[in-house]
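S.K.: Have a peek at my_file29.cif (mmCIF, C-alpha atoms and all ligand atoms).
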data_entry
loop_
_atom_site.label_atom_id
_atom_site.label_comp_id
_atom_site.auth_asym_id
_atom_site.auth_seq_id
_atom_site.Cartn_x
_atom_site.Cartn_y
_atom_site.Cartn_z
CA MET E 21 76.39 5.28 145.87
CA THR E 22 77.41 1.98 144.27
CA LEU E 23 76.97 -0.73 146.84
CA THR E 24 79.78 -3.27 147.23
CA VAL E 25 79.44 -6.05 149.77
CA TRP E 26 82.43 -8.18 150.76
CA ALA E 27 81.85 -11.62 152.24
CA TYR E 28 84.44 -13.49 154.30
CA SER E 29 84.58 -16.55 156.49
CA GLU E 30 87.42 -18.92 157.27
CA SER E 31 84.96 -21.80 157.49
CA GLY E 32 83.61 -23.41 154.29
CA GLN E 33 79.96 -23.91 155.22
CA VAL E 34 79.77 -20.51 156.91
CA ALA E 35 81.47 -18.85 153.92
CA SER E 36 78.59 -20.15 151.76
CA GLU E 37 76.05 -18.62 154.13
CA VAL E 38 77.87 -15.28 154.29
CA ALA E 39 78.08 -15.31 150.49
CA ALA E 40 74.29 -15.77 150.36
CA ALA E 41 73.82 -12.87 152.78
CA ALA E 42 76.11 -10.67 150.68
CA GLN E 43 74.29 -11.66 147.50
CA SER E 44 70.92 -10.87 149.01
CA LEU E 45 72.09 -7.51 150.33
CA ALA E 46 73.87 -6.55 147.13
CA GLY E 47 70.78 -7.62 145.17
CA THR E 48 68.46 -5.27 147.02
CA GLY E 49 70.95 -2.41 146.64
CA LYS E 50 71.65 -3.27 142.99
CA GLY E 51 75.32 -3.60 143.83
CA ASP E 52 78.06 -6.21 143.76
CA ALA E 53 78.85 -9.02 146.16
CA VAL E 54 82.48 -10.11 146.34
CA GLU E 55 83.80 -13.18 148.12
CA VAL E 56 87.06 -12.42 149.92
CA MET E 57 89.49 -15.28 150.50
CA VAL E 58 92.64 -14.86 152.50
CA GLY E 59 95.80 -16.74 151.54
CA ALA E 60 94.39 -18.85 148.72
CA MET E 61 91.24 -19.70 146.81
CA SER E 62 89.28 -22.11 148.99
CA ASP E 63 89.17 -25.78 147.93
CA ALA E 64 85.43 -25.43 147.41
CA GLY E 65 86.04 -22.65 144.87
CA PRO E 66 84.16 -19.37 144.88
CA ARG E 67 80.50 -19.09 145.90
CA LEU E 68 80.05 -15.70 144.27
CA PRO E 69 80.72 -14.64 140.67
CA ASN E 70 83.18 -12.04 141.96
CA ALA E 71 86.06 -13.17 144.14
CA LEU E 72 89.04 -11.40 145.64
CA VAL E 73 91.98 -13.52 146.78
CA LEU E 74 94.33 -11.80 149.20
CA ARG E 75 97.85 -13.16 149.05
CA GLY E 76 100.93 -12.39 151.05
CA MET E 77 100.19 -13.69 154.53
CA SER E 78 101.63 -17.15 155.08
CA ALA E 79 99.36 -19.98 156.20
CA SER E 80 101.08 -20.11 159.58
CA GLU E 81 100.07 -16.50 160.15
CA ASN E 82 96.44 -17.20 159.35
CA THR E 83 95.10 -15.83 162.65
CA PRO E 84 92.23 -13.38 163.22
CA GLU E 85 94.90 -10.72 163.66
CA SER E 86 96.55 -11.36 160.27
CA THR E 87 93.22 -11.90 158.49
CA ALA E 88 91.92 -8.58 159.79
CA GLU E 89 95.17 -6.94 158.71
CA ALA E 90 94.85 -8.42 155.20
CA ILE E 91 91.23 -7.27 154.84
CA CYS E 92 92.07 -3.76 156.07
CA ARG E 93 94.99 -3.50 153.67
CA ALA E 94 92.74 -4.63 150.81
CA THR E 95 90.37 -1.72 151.46
CA SER E 96 93.14 0.71 150.49
CA LYS E 97 92.34 -0.07 146.84
CA GLY E 98 88.68 0.81 147.36
CA MET E 99 86.53 0.75 150.45
CA PRO E 100 83.54 -1.63 150.21
CA SER E 101 80.18 -0.43 151.52
CA VAL E 102 79.73 -3.42 153.81
CA ILE E 103 82.11 -6.14 155.01
CA LEU E 104 80.24 -9.26 156.12
CA VAL E 105 82.05 -11.84 158.24
CA GLY E 106 80.74 -15.21 159.44
CA SER E 107 79.97 -15.09 163.15
CA THR E 108 82.33 -17.89 164.15
CA ARG E 109 84.76 -17.46 167.03
CA ASN E 110 87.51 -16.37 164.65
CA GLY E 111 85.11 -14.34 162.54
CA ARG E 112 83.86 -12.30 165.46
CA GLU E 113 87.42 -11.36 166.29
CA VAL E 114 88.24 -10.54 162.68
CA ALA E 115 85.16 -8.31 162.34
CA ALA E 116 85.84 -6.40 165.56
CA ARG E 117 89.45 -5.78 164.56
CA VAL E 118 88.51 -4.66 161.03
CA ALA E 119 85.80 -2.29 162.30
CA ALA E 120 88.13 -0.80 164.91
CA ARG E 121 90.94 -0.35 162.40
CA LEU E 122 88.67 1.22 159.77
CA GLY E 123 86.79 3.29 162.33
CA THR E 124 83.38 1.96 161.27
CA GLY E 125 80.41 0.55 163.14
CA CYS E 126 80.03 -3.20 163.56
CA ILE E 127 76.71 -5.02 163.78
CA SER E 128 77.23 -8.34 165.50
CA ASP E 129 75.42 -11.65 165.01
CA ALA E 130 72.88 -10.36 162.50
CA SER E 131 70.24 -12.86 161.40
CA LYS E 132 68.75 -10.46 158.82
CA LEU E 133 70.39 -7.59 157.01
CA THR E 134 68.65 -4.84 155.06
CA LEU E 135 69.48 -1.43 153.69
CA GLU E 136 67.77 1.78 154.63
CA GLY E 137 69.10 4.85 152.87
CA GLU E 138 72.79 5.12 153.65
CA SER E 139 72.59 2.69 156.57
CA LEU E 140 72.75 -1.03 157.15
CA ILE E 141 70.11 -2.46 159.46
CA GLY E 142 70.88 -5.71 161.23
CA GLU E 143 68.38 -7.74 163.18
CA ARG E 144 69.73 -9.69 166.11
CA SER E 145 68.24 -11.63 168.91
CA ALA E 146 68.51 -10.08 172.37
CA PHE E 147 67.56 -11.07 175.92
CA ALA E 148 67.84 -14.78 175.15
CA GLY E 149 65.61 -14.52 172.09
CA LYS E 150 62.79 -12.66 173.83
CA VAL E 151 63.17 -9.62 171.61
CA THR E 152 64.65 -8.85 168.23
CA ALA E 153 66.84 -5.76 168.26
CA LYS E 154 67.36 -3.66 165.15
CA VAL E 155 70.87 -2.26 165.01
CA VAL E 156 71.68 0.58 162.61
CA ALA E 157 75.17 1.30 161.30
CA PRO E 158 76.02 3.98 158.77
CA ILE E 159 77.71 2.66 155.62
CA PRO E 160 80.58 1.81 155.33
CA CYS E 161 80.39 -0.71 158.10
CA VAL E 162 81.15 -4.26 159.18
CA ALA E 163 78.66 -6.93 160.26
CA THR E 164 78.92 -10.50 161.44
CA VAL E 165 76.32 -12.91 160.05
CA LYS E 166 74.82 -15.36 162.54
CA VAL E 167 75.67 -18.91 161.57
CA GLY E 168 72.74 -20.96 160.27
CA THR E 169 70.46 -18.07 159.38
CA TYR E 170 71.09 -17.69 155.63
CA PRO E 171 70.73 -20.66 153.27
CA ALA E 172 74.16 -21.56 151.89
CA ALA E 173 74.99 -20.22 148.43
CA GLY E 174 75.99 -22.92 145.96
CA LYS E 175 79.25 -23.05 144.06
CA THR E 176 79.65 -20.71 141.14
CA THR E 177 82.08 -20.22 138.34
CA ALA E 178 83.65 -16.93 139.23
CA ASN E 179 83.66 -14.68 136.22
CA SER E 180 85.93 -12.22 137.95
CA VAL E 181 88.71 -13.37 140.26
CA SER E 182 91.14 -10.65 141.32
CA GLU E 183 94.25 -11.28 143.31
CA MET E 184 95.88 -8.74 145.56
CA ASP E 185 99.23 -8.98 147.28
CA VAL E 186 98.69 -7.52 150.71
CA GLY E 187 102.34 -7.95 151.70
CA GLY E 188 104.01 -9.59 154.67
CA PHE E 189 102.99 -9.20 158.25
CA SER E 190 104.65 -9.61 161.65
CA PRO E 191 101.88 -10.75 163.96
CA LYS E 192 101.92 -10.07 167.67
CA VAL E 193 100.35 -13.51 168.12
CA LYS E 194 102.11 -16.54 166.68
CA VAL E 195 100.53 -19.96 166.23
CA LEU E 196 102.81 -22.37 168.06
CA LYS E 197 100.81 -25.53 167.73
CA THR E 198 97.59 -26.64 166.08
CA ILE E 199 95.57 -29.30 167.86
CA ARG E 200 92.98 -31.20 165.85
CA LYS E 201 89.41 -31.03 167.08
CA ASP E 202 87.94 -34.00 168.89
CA ALA E 203 87.08 -36.69 166.36
CA ARG E 204 83.48 -36.59 167.59
CA SER E 205 83.10 -32.97 166.45
CA VAL E 206 79.97 -32.35 164.45
CA ASN E 207 78.53 -29.77 162.15
CA LEU E 208 75.11 -29.36 163.72
CA ASN E 209 74.11 -26.70 161.22
CA SER E 210 73.81 -29.24 158.44
CA ALA E 211 72.17 -31.99 160.55
CA LYS E 212 68.55 -32.76 159.64
CA ILE E 213 67.90 -34.57 162.91
CA ILE E 214 69.44 -33.61 166.24
CA VAL E 215 69.06 -35.60 169.44
CA SER E 216 70.16 -33.30 172.20
CA ALA E 217 71.14 -34.37 175.69
CA GLY E 218 70.73 -32.40 178.90
CA ARG E 219 71.42 -32.87 182.58
CA GLY E 220 68.73 -35.51 182.73
CA VAL E 221 71.54 -37.78 181.55
CA LYS E 222 73.09 -38.90 184.81
CA LYS E 223 76.64 -39.75 183.80
CA LYS E 224 78.99 -39.39 180.86
CA GLU E 225 78.83 -43.10 179.94
CA ASP E 226 75.04 -42.79 179.57
CA LEU E 227 75.54 -40.46 176.60
CA ALA E 228 76.01 -43.70 174.68
CA ILE E 229 72.23 -44.26 174.66
CA VAL E 230 71.63 -40.76 173.28
CA GLU E 231 74.35 -41.32 170.66
CA SER E 232 72.83 -44.65 169.77
CA LEU E 233 69.37 -43.10 169.26
CA ALA E 234 70.86 -40.30 167.15
CA LYS E 235 72.66 -42.92 165.06
CA SER E 236 69.57 -45.04 164.53
CA LEU E 237 67.62 -41.93 163.42
CA GLY E 238 70.48 -40.83 161.15
CA GLY E 239 71.00 -37.70 163.21
CA ALA E 240 73.66 -35.84 165.18
CA VAL E 241 74.12 -35.35 168.91
CA GLY E 242 73.68 -31.93 170.49
CA CYS E 243 73.60 -30.92 174.14
CA SER E 244 72.71 -28.22 176.62
CA ARG E 245 75.50 -26.00 177.90
CA PRO E 246 76.17 -27.75 181.21
CA LEU E 247 77.12 -30.97 179.41
CA SER E 248 79.85 -29.33 177.34
CA SER E 249 80.93 -26.22 179.25
CA ASP E 250 80.55 -27.39 182.87
CA LEU E 251 80.92 -31.16 182.73
CA GLY E 252 83.09 -31.41 179.59
CA TRP E 253 81.25 -34.54 178.45
CA LEU E 254 80.99 -33.32 174.85
CA PRO E 255 83.07 -30.84 172.84
CA GLU E 256 81.86 -27.23 172.64
CA GLU E 257 80.60 -27.69 169.05
CA HIS E 258 77.72 -29.75 170.42
CA HIS E 259 76.39 -27.06 172.70
CA ILE E 260 73.19 -25.46 171.45
CA GLY E 261 71.78 -22.16 172.59
CA LEU E 262 72.44 -18.53 173.16
CA THR E 263 76.13 -19.01 173.79
CA GLY E 264 76.44 -22.04 171.53
CA VAL E 265 75.26 -23.09 168.09
CA THR E 266 71.95 -22.03 166.55
CA VAL E 267 70.27 -24.91 164.76
CA LYS E 268 67.09 -25.46 162.77
CA PRO E 269 66.90 -29.14 161.87
CA GLU E 270 63.82 -30.97 160.59
CA LEU E 271 63.57 -32.71 163.97
CA TYR E 272 65.00 -31.59 167.31
CA LEU E 273 64.62 -34.14 170.08
CA ALA E 274 65.46 -32.72 173.51
CA VAL E 275 66.29 -35.45 175.99
CA GLY E 276 66.44 -34.50 179.67
CA ILE E 277 66.67 -30.79 178.88
CA SER E 278 64.62 -28.43 181.02
CA GLY E 279 64.23 -25.82 178.27
CA GLN E 280 65.65 -22.65 179.77
CA LEU E 281 65.46 -19.53 177.60
CA GLN E 282 69.15 -19.67 176.82
CA HIS E 283 68.77 -23.15 175.35
CA ILE E 284 65.52 -22.40 173.50
CA ALA E 285 67.22 -19.42 171.80
CA GLY E 286 69.39 -21.87 169.86
CA MET E 287 66.77 -24.37 168.66
CA LYS E 288 63.42 -22.57 168.54
CA ASP E 289 63.40 -22.43 164.73
CA SER E 290 63.61 -26.22 164.37
CA LYS E 291 60.82 -27.56 162.16
CA VAL E 292 59.56 -30.12 164.65
CA VAL E 293 60.54 -30.16 168.32
CA ALA E 294 60.00 -33.20 170.51
CA ALA E 295 61.00 -33.56 174.15
CA ILE E 296 61.46 -36.32 176.70
CA ASN E 297 61.39 -35.19 180.30
CA THR E 298 60.29 -36.67 183.62
CA ASP E 299 58.86 -33.32 184.73
CA LYS E 300 55.52 -32.60 183.05
CA ASP E 301 55.94 -28.90 183.89
CA ALA E 302 59.40 -28.57 182.31
CA PRO E 303 59.46 -25.42 180.13
CA ILE E 304 60.77 -27.45 177.16
CA PHE E 305 57.22 -28.78 176.65
CA GLN E 306 56.03 -25.26 175.88
CA ALA E 307 58.48 -25.11 172.98
CA ALA E 308 57.73 -28.67 171.83
CA ASP E 309 55.30 -29.99 169.21
CA TYR E 310 55.43 -33.45 170.80
CA GLY E 311 56.25 -34.33 174.36
CA ILE E 312 56.84 -37.55 176.25
CA VAL E 313 56.66 -37.29 180.04
CA GLY E 314 58.92 -40.11 181.07
CA ASP E 315 62.32 -41.36 182.05
CA LEU E 316 64.79 -41.10 179.17
CA TYR E 317 66.40 -44.37 180.31
CA GLN E 318 63.14 -46.15 179.50
CA VAL E 319 61.80 -44.01 176.66
CA ILE E 320 64.94 -44.01 174.48
CA PRO E 321 65.27 -47.82 174.28
CA ALA E 322 61.54 -47.99 173.48
CA ILE E 323 61.90 -45.50 170.60
CA GLU E 324 64.95 -47.34 169.33
CA GLU E 325 63.03 -50.58 169.34
CA ILE E 326 60.28 -49.01 167.20
CA VAL E 327 62.86 -47.56 164.80
CA ARG E 328 64.56 -50.97 164.58
CA ARG E 329 61.29 -52.75 163.82
CA ARG E 330 60.41 -50.24 161.10
CA SER E 331 63.75 -50.32 159.32
C1 LIG E 401 74.56 -16.17 180.19
C2 LIG E 401 74.07 -17.58 180.08
C3 LIG E 401 74.12 -18.21 178.85
C4 LIG E 401 73.68 -19.52 178.73
N1 LIG E 401 73.71 -20.11 177.49
C5 LIG E 401 73.23 -21.34 177.36
C6 LIG E 401 73.20 -21.98 176.08
O1 LIG E 401 73.63 -21.43 175.07
N2 LIG E 401 72.69 -23.23 176.01
C7 LIG E 401 72.20 -23.90 177.09
O2 LIG E 401 71.75 -25.05 176.94
N3 LIG E 401 72.23 -23.33 178.31
C8 LIG E 401 72.73 -22.09 178.47
N4 LIG E 401 72.77 -21.53 179.71
C9 LIG E 401 72.38 -22.37 180.85
C10 LIG E 401 70.87 -22.42 181.03
O3 LIG E 401 70.41 -21.32 181.75
C11 LIG E 401 70.46 -23.71 181.76
O4 LIG E 401 71.14 -23.75 182.99
C12 LIG E 401 70.79 -24.97 180.98
O5 LIG E 401 70.27 -24.89 179.67
C13 LIG E 401 70.16 -26.16 181.70
O6 LIG E 401 70.59 -27.31 181.09
P1 LIG E 401 69.72 -28.64 181.19
O7 LIG E 401 68.35 -28.35 180.67
O8 LIG E 401 70.49 -29.72 180.56
O9 LIG E 401 69.74 -28.93 182.75
P2 LIG E 401 68.56 -28.77 183.89
O10 LIG E 401 68.02 -27.40 183.82
O11 LIG E 401 69.21 -29.24 185.11
O12 LIG E 401 67.45 -29.75 183.36
C14 LIG E 401 67.54 -31.14 183.39
C15 LIG E 401 66.18 -31.68 183.00
O13 LIG E 401 66.25 -33.07 182.89
C16 LIG E 401 65.05 -33.62 183.40
N5 LIG E 401 65.34 -35.00 183.81
C17 LIG E 401 66.02 -35.41 184.90
N6 LIG E 401 66.14 -36.76 184.88
C18 LIG E 401 65.52 -37.20 183.77
C19 LIG E 401 65.31 -38.48 183.21
N7 LIG E 401 65.81 -39.58 183.77
N8 LIG E 401 64.64 -38.55 182.03
C20 LIG E 401 64.16 -37.44 181.43
N9 LIG E 401 64.31 -36.21 181.94
C21 LIG E 401 65.00 -36.08 183.08
C22 LIG E 401 64.66 -32.72 184.53
O14 LIG E 401 63.26 -32.79 184.79
C23 LIG E 401 65.07 -31.36 184.00
O15 LIG E 401 63.99 -30.73 183.31
C24 LIG E 401 73.19 -20.21 179.86
C25 LIG E 401 73.15 -19.57 181.10
C26 LIG E 401 73.58 -18.28 181.21
C27 LIG E 401 73.53 -17.61 182.54
#
Could I get this file's structure written as structure tokens?

M.R.:
Amino acid sequence: MTLTVWAYSESGQVASEVAAAAQSLAGTGKGDAVEVMVGAMSDAGPRLPNALVLRGMSASENTPESTAEAICRATSKGMPSVILVGSTRNGREVAARVAARLGTGCISDASKLTLEGESLIGERSAFAGKVTAKVVAPIPCVATVKVGTYPAAGKTTANSVSEMDVGGFSPKVKVLKTIRKDARSVNLNSAKIIVSAGRGVKKKEDLAIVESLAKSLGGAVGCSRPLSSDLGWLPEEHHIGLTGVTVKPELYLAVGISGQLQHIAGMKDSKVVAAINTDKDAPIFQAADYGIVGDLYQVIPAIEEIVRRRS
């Protein structure tokens, strides 16, 4: 069997990570990795030496439904062994649709992918990170790659770019309006320092002190789920954990976060973890390399003062 791995993501940074996953998988199986782009070559250019550009769907139809349709139609010219999709919101929907249409298995949110005989093995975190499950899917199959788990592949000069016209498409879902994300949106995956706020922050206005500390450290602001999903104080992109973003910065500073399993699942691979919490028994201290038992309203200004004096 000649192994062919397709890599797709609608998001630039994630596309680089999926490309790296495809390259690694294809490398072990002595096969080919192909970057699939829908609609047009991405502005960043290809990340893999082989690229396949699928044309025919208009930009306004660029929904998970139409993307899945385009990818499925492309397989008519030759079924790849594995189709890898970035595990973004859109990507998860694309992967599920492609797998259902092609009648294959789908491994979701894999943080490590390997081959075993004629099967793909995907490792994924389960039970809030307490165990790692190994999921087996016979090839051909689809898998989504967990964001932030593969180092991004750099740009490459594609030595083979094929184009395929996948034809027109009448979607059942039409995009009526596109609303730009909140200007404060961040890409936490690329942040080296993250200062993350939890319910220890008493009111929305007080996030300013967390934002100020993040700024003085040259970092980004993250948060626990209640702050984004329940209180709506920060956009969803800031929420770290099982149901949010997985991050592994050089420094993760948890401020007023208790450290429940669901939160830890998203930041446990950070290089250095520090926490500020008034409760000395807060579980976050078990996941932290450094801990300050204290009131964030006093500790943060003190840290900022030290940073200011040193810079
Ligand atoms: C299915 C499911 C999925 C979930 N997914 C996620 C997820 O992805 N991410 C996530 O974060 N949560 C997730 N949760 C929620 C999670 O279980 C916790 O409820 C949540 O993480 C708690 O957020 P918190 O630590 O900010 O708040 P709390 O648990 O209320 O903790 C607040 C902390 O602040 C401390 N504190 C209070 N005042 C101060 C002060 N002045 N200075 C310093 N410290 C102070 C307190 O001692 C306390 O430890 C999920 C839950 C479920 C059921």

S.K.: Please report, as JSON lines, each residue of chain E lying at most 9 Å from ligand LIG 401 (chain E), together with the nearest pair of atoms and the separation in Å rounded to one decimal; use only C-alpha atoms and all ligand atoms, and order rows by chain and ascending residue number.

M.R.:
{"residue": "E:Ala148", "atom": "CA", "partner": "E:LIG401", "partner_atom": "C3", "distance": 8.1}
{"residue": "E:Ala217", "atom": "CA", "partner": "E:LIG401", "partner_atom": "O8", "distance": 6.8}
{"residue": "E:Gly218", "atom": "CA", "partner": "E:LIG401", "partner_atom": "O8", "distance": 3.2}
{"residue": "E:Arg219", "atom": "CA", "partner": "E:LIG401", "partner_atom": "O8", "distance": 3.9}
{"residue": "E:Gly220", "atom": "CA", "partner": "E:LIG401", "partner_atom": "C17", "distance": 3.5}
{"residue": "E:Val221", "atom": "CA", "partner": "E:LIG401", "partner_atom": "N7", "distance": 6.4}
{"residue": "E:Lys222", "atom": "CA", "partner": "E:LIG401", "partner_atom": "N6", "distance": 7.3}
{"residue": "E:Cys243", "atom": "CA", "partner": "E:LIG401", "partner_atom": "O2", "distance": 6.8}
{"residue": "E:Ser244", "atom": "CA", "partner": "E:LIG401", "partner_atom": "O2", "distance": 3.3}
{"residue": "E:Arg245", "atom": "CA", "partner": "E:LIG401", "partner_atom": "O2", "distance": 4.0}
{"residue": "E:Pro246", "atom": "CA", "partner": "E:LIG401", "partner_atom": "O6", "distance": 5.6}
{"residue": "E:Leu247", "atom": "CA", "partner": "E:LIG401", "partner_atom": "O8", "distance": 6.8}
{"residue": "E:His259", "atom": "CA", "partner": "E:LIG401", "partner_atom": "N2", "distance": 6.3}
{"residue": "E:Ile260", "atom": "CA", "partner": "E:LIG401", "partner_atom": "N2", "distance": 5.1}
{"residue": "E:Gly261", "atom": "CA", "partner": "E:LIG401", "partner_atom": "O1", "distance": 3.2}
{"residue": "E:Leu262", "atom": "CA", "partner": "E:LIG401", "partner_atom": "O1", "distance": 3.7}
{"residue": "E:Thr263", "atom": "CA", "partner": "E:LIG401", "partner_atom": "O1", "distance": 3.7}
{"residue": "E:Gly264", "atom": "CA", "partner": "E:LIG401", "partner_atom": "O1", "distance": 4.6}
{"residue": "E:Val265", "atom": "CA", "partner": "E:LIG401", "partner_atom": "O1", "distance": 7.4}
{"residue": "E:Thr266", "atom": "CA", "partner": "E:LIG401", "partner_atom": "O1", "distance": 8.7}
{"residue": "E:Ala274", "atom": "CA", "partner": "E:LIG401", "partner_atom": "O7", "distance": 8.9}
{"residue": "E:Val275", "atom": "CA", "partner": "E:LIG401", "partner_atom": "C20", "distance": 6.2}
{"residue": "E:Gly276", "atom": "CA", "partner": "E:LIG401", "partner_atom": "O13", "distance": 3.5}
{"residue": "E:Ile277", "atom": "CA", "partner": "E:LIG401", "partner_atom": "O7", "distance": 3.5}
{"residue": "E:Ser278", "atom": "CA", "partner": "E:LIG401", "partner_atom": "O15", "distance": 3.3}
{"residue": "E:Gly279", "atom": "CA", "partner": "E:LIG401", "partner_atom": "O7", "distance": 5.4}
{"residue": "E:Gln280", "atom": "CA", "partner": "E:LIG401", "partner_atom": "O5", "distance": 5.1}
{"residue": "E:Leu281", "atom": "CA", "partner": "E:LIG401", "partner_atom": "O3", "distance": 6.7}
{"residue": "E:Gln282", "atom": "CA", "partner": "E:LIG401", "partner_atom": "C5", "distance": 4.4}
{"residue": "E:His283", "atom": "CA", "partner": "E:LIG401", "partner_atom": "O2", "distance": 3.9}
{"residue": "E:Ile284", "atom": "CA", "partner": "E:LIG401", "partner_atom": "O2", "distance": 7.6}
{"residue": "E:Ala285", "atom": "CA", "partner": "E:LIG401", "partner_atom": "O1", "distance": 7.5}
{"residue": "E:Gly286", "atom": "CA", "partner": "E:LIG401", "partner_atom": "O1", "distance": 6.7}
{"residue": "E:Ala295", "atom": "CA", "partner": "E:LIG401", "partner_atom": "C20", "distance": 8.8}
{"residue": "E:Ile296", "atom": "CA", "partner": "E:LIG401", "partner_atom": "C20", "distance": 5.6}
{"residue": "E:Asn297", "atom": "CA", "partner": "E:LIG401", "partner_atom": "N9", "distance": 3.5}
{"residue": "E:Thr298", "atom": "CA", "partner": "E:LIG401", "partner_atom": "N9", "distance": 4.4}
{"residue": "E:Asp299", "atom": "CA", "partner": "E:LIG401", "partner_atom": "O14", "distance": 4.4}
{"residue": "E:Lys300", "atom": "CA", "partner": "E:LIG401", "partner_atom": "O14", "distance": 7.9}
{"residue": "E:Asp301", "atom": "CA", "partner": "E:LIG401", "partner_atom": "O15", "distance": 8.3}
{"residue": "E:Ala302", "atom": "CA", "partner": "E:LIG401", "partner_atom": "O15", "distance": 5.2}
{"residue": "E:Pro303", "atom": "CA", "partner": "E:LIG401", "partner_atom": "O15", "distance": 7.7}
{"residue": "E:Ile304", "atom": "CA", "partner": "E:LIG401", "partner_atom": "O15", "distance": 7.7}
{"residue": "E:Ile312", "atom": "CA", "partner": "E:LIG401", "partner_atom": "C20", "distance": 9.0}
{"residue": "E:Val313", "atom": "CA", "partner": "E:LIG401", "partner_atom": "C20", "distance": 7.6}
{"residue": "E:Gly314", "atom": "CA", "partner": "E:LIG401", "partner_atom": "C20", "distance": 5.9}
{"residue": "E:Asp315", "atom": "CA", "partner": "E:LIG401", "partner_atom": "N8", "distance": 3.6}
{"residue": "E:Leu316", "atom": "CA", "partner": "E:LIG401", "partner_atom": "N8", "distance": 3.8}
{"residue": "E:Tyr317", "atom": "CA", "partner": "E:LIG401", "partner_atom": "N7", "distance": 5.9}
{"residue": "E:Gln318", "atom": "CA", "partner": "E:LIG401", "partner_atom": "N8", "distance": 8.1}
{"residue": "E:Val319", "atom": "CA", "partner": "E:LIG401", "partner_atom": "N8", "distance": 8.2}

S.K.: In Å, rounded to a single decimal, give me how far CA of Arg93 in chain E is from CA of Val56 in chain E.

M.R.: 12.5 Å

S.K.: To one decimal place, how far is CA of Leu68 in chain E from CA of Lys166 in chain E in Å?

M.R.: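 We find that CA of Leu68 in chain E and CA of Lys166 in chain E lie 19.0 Å from each other.
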
S.K.: Suppose you want the space between CA of Ala60 in chain E and CA of Gly188 in chain E; what is it in Å?

M.R.: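 Computing the Euclidean distance for CA of Ala60 in chain E and CA of Gly188 in chain E yields 14.6 Å.
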
S.K.: Which is closest to Val181 in chain E among E:Ala294, E:Val38, E:Val58, E:Val73, if we use only C-alpha atoms?

M.R.: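 Closest candidate: E:Val73.
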
S.K.: Nearest to Gly137 in chain E among E:Met287, E:Val215, E:Ile159, E:Val118, with distances taken over only C-alpha atoms: which residue is it?

M.R.: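 Ranking E:Met287, E:Val215, E:Ile159, E:Val118 by distance to Gly137 in chain E, first place goes to E:Ile159.
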
S.K.: Taking into account only C-alpha atoms, which residue in the set E:His258, E:Arg67, E:Lys192, E:Lys132 is nearest to Ser86 in chain E?

M.R.: E:Lys192

S.K.: For each of E:Lys97, E:Glu85, E:Arg330, E:Arg112, take the minimum atom-to-atom distance to Lys194 in chain E, counting all atoms listed in the file, then give the residue where this is smallest.

M.R.: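 Going through E:Lys97, E:Glu85, E:Arg330, E:Arg112 one by one, the smallest distance to Lys194 in chain E is for E:Glu85.
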
S.K.: Using all atoms listed in the file, which of the listed residues (E:Ala41, E:Ile103, E:Ala211, E:Ala307) sits closest to Val25 in chain E?

M.R.: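 Going through E:Ala41, E:Ile103, E:Ala211, E:Ala307 one by one, the smallest distance to Val25 in chain E is for E:Ile103.
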
S.K.: Output as AutoDock Vina command-line options the centre and edge lengths (Å, one decimal) of the box along x, y and z of the file that holds every listed atom of range 84-89 of chain E after adding 8 Å on each side.

M.R.:
--center_x 94.2 --center_y -10.2 --center_z 161.1 --size_x 20.6 --size_y 22.4 --size_z 21.2

S.K.: Please work out which residues fall within 12 Å of (89.9, -2.2, 162.0), coordinates as given in the file, with all atoms listed in the file counting, and return them as a list in words.

M.R.: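 Here the neighbourhood of the point contains Pro84, Glu85, Ser86, Thr87, Ala88, Glu89, Ala90, Ile91, Cys92, Arg93, Ala94, Thr95, Ile103, Glu113, Val114, Ala115, Ala116, Arg117, Val118, Ala119, Ala120, Arg121, Leu122, Gly123, Thr124, Gly125, Cys126, Cys161 and Val162 of chain E.
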
S.K.: Which polymer residues, whether protein, DNA or RNA, lie within 12 Å of the coordinate (95.2, -13.3, 143.2) when you count all atoms listed in the file? List them as a PyMOL selection string, using the chain letters and numbers from the file.

M.R.: chain E and resi 56-61+71-76+94+180-186

S.K.: Point out the residue among E:Ala130, E:Met77, E:Leu251, E:Ile199 with the least atom-to-atom distance to Gly168 in chain E, counting all atoms listed in the file.

M.R.: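 The shortest atom-to-atom distance to Gly168 in chain E comes from E:Ala130.
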
S.K.: May I have the residues within 10 Å of range 322-329 of chain E as number ranges by chain, using only C-alpha atoms and disregarding those fewer than 6 positions away in the same chain?

M.R.: E: 229, 232-237, 316

S.K.: Quick one: everything within 9 Å of Glu143 in chain E, counting only C-alpha atoms, minus sequence neighbours fewer than 6 positions away in the same chain. Send it as a ChimeraX atom specification.

M.R.: /E:127,129-134,152-156
